[in-house]
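The structure appears right after this line, and notes come after that.
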Amino acid sequence: MRCQAELRAPMPVPDPGARLDAIVLAAGGSRRLGRPKQLIEFAGEPLVRQCARRALMAAPQGVTVVVGAQAEAVLAALRGLPVRIVFNAKWEEGMSTSIHAAIDALPDDAQGVLIMLADQPFVPVEHLQALASTWRTQAQAMVATAYDDGQGVPAVFPRARFAELRALRGDSGARRVLRARAAEVIGIACPQAAIDVDTEADLERLGADAAAAARHAADRGVD
C-alpha cells in the first residue's frame with residue numbers, strides 16, 4: 001500500500017503590496033495629567049510629532065492622526081508632515097470615538113491598520129516595522145505588542161476586524177478586540193512600550209529614562 005503524502009498547511013506568502021495604514025490616536029484631553037499629553041515636549045519635539053514620524057516610517061502608504069482636545073495646537077505640532085488629519089468632535093466620549101473616526105476615514109483599499117498611541121515615546125520604529133512585516137505574512141491575523149498582562153497597542157488589525165473596532169464604545173480601546181480574540185493574535189515583545197504618560201510621576205520617569213538613554217549613548221560614543 002502506498003503511503004499517503006502528509007497534508008501540510010501552505011506556508012504563508014508575504015504580500016508586500018497589501019496596503020497598511022497607520023492611525024495615531026491624539027484626541028484625548030488627558031484628564032489624569034491635566035493637560036494634553038500629546039503636546040508634551042520630549043527630546044526636542046511634541047510626543048504627537050514623534051509618534052507620527054515613526055508611523056510614517058512603518059506605514060508610508062498612509063497615516064491618519066485623530067485630533068480633538070487642543071486641536072489647533074496639535075495641528076501646529078504636526079505641521080509639515082504628510083499625514084491625514086481627522087477631527088473627532090466626540091473626543092470627550094472616550095477613545096472608542098477616535099477609533100471610529102479613524103477607521104471611517106481609511107481608504108477603501110486599506111487591508112490593515114496599525115493603531116498607535118501618541119504617548120509611547122520609547123517604542124522604536126523597528127518594532128512598528130516588525131509588526132507590519134509580520135502582518136504581511138499572515139494578513140488575516142492581528143499582530144500586537146506583547147505585555148506582561150497580555151497583548152496591546154501598537155497593534156495591526158486586518159480589515160476583517162474593522163467592524164469590531166467600530167463596535168467599541170466609551171473609553172474602550174483596541175485592546176478589547178485583542179482580548180476577545182486572543183487565540184488569533186501574534187504577539188511581539190517590546191518592553192519600551194510599557195512606558196507611557198498618564199500622570200506627573202510618569203513625566204518624571206520619562207525624563208529620567210531619557211537622561212539614562214543619553215548617558216548610555218554617550219558611554220558608547222554614539223552621537
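Each chain in the C-alpha cells gets a letter, A, B, ..., in the order shown, and its residues are numbered from 1; ligands are numbered from 1 in order too.
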Taking the DSSP assignment computed from this structure's backbone, write out as a PyMOL selection string all residues of region 26-213 of chain A that belong to helix (DSSP H, G or I).
-> chain A and resi 37-39+47-58+71-77+91-93+95-105+125-137+159-166+175-180+182-184+191-194+200-213
Any idea what's packed within 12 Å of Trp91 (chain A), counting only C-alpha atoms, ignoring anything in its chain fewer than 2 positions away? Could you give it as number ranges by chain?
-> A: 25-30, 66-71, 86-89, 93-102, 169-171
Determine, counting only C-alpha atoms, which protein, DNA and RNA residues have an atom within 6 Å of an atom of Ala155 (chain A); residues of the same chain fewer than 4 positions away are not included. Present the result as an MDAnalysis selection string.
-> chainID A and resid 114:115 143:144
Nearest to Val113 (chain A): which of A:Arg175, A:Arg159, A:His127, A:Arg84 is it, counting only C-alpha atoms?
->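 Comparing A:Arg175, A:Arg159, A:His127, A:Arg84 against Val113 (chain A), the winner is A:Arg159.
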Do a neighbour search on Ile188 (chain A) at 12 Å with only C-alpha atoms, toss out local chain neighbours closer than 4 positions, and write the hits as an mmCIF file with C-alpha atoms, in the first residue's frame.
data_model
loop_
_atom_site.group_PDB
_atom_site.id
_atom_site.type_symbol
_atom_site.label_atom_id
_atom_site.label_comp_id
_atom_site.auth_asym_id
_atom_site.auth_seq_id
_atom_site.Cartn_x
_atom_site.Cartn_y
_atom_site.Cartn_z
ATOM 1 C CA GLU A 126 11.937 48.815 14.293
ATOM 2 C CA HIS A 127 9.181 47.366 16.478
ATOM 3 C CA LEU A 128 6.488 49.021 14.383
ATOM 4 C CA GLN A 129 8.119 47.681 11.234
ATOM 5 C CA ALA A 130 8.256 44.201 12.777
ATOM 6 C CA LEU A 131 4.515 44.363 13.486
ATOM 7 C CA ALA A 132 3.888 45.429 9.888
ATOM 8 C CA SER A 133 6.149 42.845 8.265
ATOM 9 C CA THR A 134 4.723 40.017 10.396
ATOM 10 C CA TRP A 135 1.193 41.030 9.427
ATOM 11 C CA MET A 142 -3.833 40.523 14.408
ATOM 12 C CA VAL A 143 -0.242 41.357 15.341
ATOM 13 C CA ALA A 144 0.173 43.132 18.650
ATOM 14 C CA THR A 145 2.711 44.251 21.197
ATOM 15 C CA ALA A 146 3.173 41.644 23.933
ATOM 16 C CA TYR A 147 2.991 42.905 27.525
ATOM 17 C CA ASP A 148 3.261 41.002 30.806
ATOM 18 C CA GLY A 150 -1.497 40.357 27.584
ATOM 19 C CA GLN A 151 -1.437 41.962 24.150
ATOM 20 C CA GLY A 152 -1.924 45.638 23.384
ATOM 21 C CA VAL A 153 -1.096 48.508 21.081
ATOM 22 C CA PRO A 154 0.756 49.307 18.965
ATOM 23 C CA ALA A 155 -1.037 46.599 17.020
ATOM 24 C CA VAL A 156 -2.061 45.755 13.475
ATOM 25 C CA GLN A 192 9.761 50.003 25.857
ATOM 26 C CA ALA A 193 6.037 50.114 25.044
#
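Excluding region 52-54 of chain A itself and same-chain residues fewer than 3 positions from it, the residues having an atom within 7 Å of it are A:Val24, A:Val48, A:Arg49, A:Met57, A:Ala58, A:Val125, counting only C-alpha atoms.
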Å distance separating CA of Gln120 (chain A) from CA of Phe162 (chain A), one decimal place = 23.2 Å
Strand (DSSP E or B) residues, from DSSP on the backbone, in region 88-194 of chain A, as a list in words =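 Going through region 88-194 of chain A, the strand (DSSP E or B) residues come out as Gly112, Val113, Leu114, Ile115, Met116, Leu117, Met142, Val143, Ala144, Thr145, Ala146, Tyr147, Gly150, Gln151, Gly152, Val153, Pro154, Ala155, Val156, Phe157, Pro158, Val185, Ile186, Gly187, Ile188 and Ala189 of chain A.
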What does the file look like for those residues with C-alpha atoms, as a PDB file, in the first residue's frame?
ATOM      1  CA  GLY A 112      -4.937  46.583   7.574  1.00  0.00           C
ATOM      2  CA  VAL A 113      -4.392  49.307  10.134  1.00  0.00           C
ATOM      3  CA  LEU A 114      -1.630  49.894  12.663  1.00  0.00           C
ATOM      4  CA  ILE A 115      -3.116  51.569  15.747  1.00  0.00           C
ATOM      5  CA  MET A 116      -0.745  53.685  17.812  1.00  0.00           C
ATOM      6  CA  LEU A 117      -0.953  55.920  20.882  1.00  0.00           C
ATOM      7  CA  MET A 142      -3.833  40.523  14.408  1.00  0.00           C
ATOM      8  CA  VAL A 143      -0.242  41.357  15.341  1.00  0.00           C
ATOM      9  CA  ALA A 144       0.173  43.132  18.650  1.00  0.00           C
ATOM     10  CA  THR A 145       2.711  44.251  21.197  1.00  0.00           C
ATOM     11  CA  ALA A 146       3.173  41.644  23.933  1.00  0.00           C
ATOM     12  CA  TYR A 147       2.991  42.905  27.525  1.00  0.00           C
ATOM     13  CA  GLY A 150      -1.497  40.357  27.584  1.00  0.00           C
ATOM     14  CA  GLN A 151      -1.437  41.962  24.150  1.00  0.00           C
ATOM     15  CA  GLY A 152      -1.924  45.638  23.384  1.00  0.00           C
ATOM     16  CA  VAL A 153      -1.096  48.508  21.081  1.00  0.00           C
ATOM     17  CA  PRO A 154       0.756  49.307  18.965  1.00  0.00           C
ATOM     18  CA  ALA A 155      -1.037  46.599  17.020  1.00  0.00           C
ATOM     19  CA  VAL A 156      -2.061  45.755  13.475  1.00  0.00           C
ATOM     20  CA  PHE A 157      -5.658  44.792  12.713  1.00  0.00           C
ATOM     21  CA  PRO A 158      -6.779  43.294   9.394  1.00  0.00           C
ATOM     22  CA  VAL A 185      -3.163  37.360  17.953  1.00  0.00           C
ATOM     23  CA  ILE A 186       0.547  37.138  17.190  1.00  0.00           C
ATOM     24  CA  GLY A 187       2.497  38.878  19.947  1.00  0.00           C
ATOM     25  CA  ILE A 188       5.845  40.634  19.574  1.00  0.00           C
ATOM     26  CA  ALA A 189       7.597  41.787  22.742  1.00  0.00           C
TER      27      ALA A 189
END
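Taking CA of Gly80 (chain A) and CA of Phe122 (chain A) as the two end points, the separation is 22.6 Å.
Checking A:Ala139, A:Gln61, A:Leu178, A:Glu184 one by one against Asp21 (chain A), counting only C-alpha atoms, you find the shortest gap at A:Gln61.
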Name all residues at most 12 Å from Glu45 (chain A) (count only C-alpha atoms; drop same-chain ones fewer than 3 positions away) and give them as a list in words.
->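 Non-adjacent residues within range: Gln38, Leu39, Ile40, Glu41, Phe42, Val48, Arg49, Gln50, Cys51, Ala52, Arg53, Val74, Ala76, Ala77, Leu78, Arg79 and Pro121 of chain A.
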Rounded to one decimal in Å, what is the spacing between CA of Ala194 (chain A) and CA of Leu47 (chain A)?
->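 Going from CA of Ala194 (chain A) over to CA of Leu47 (chain A), I get 15.4 Å.
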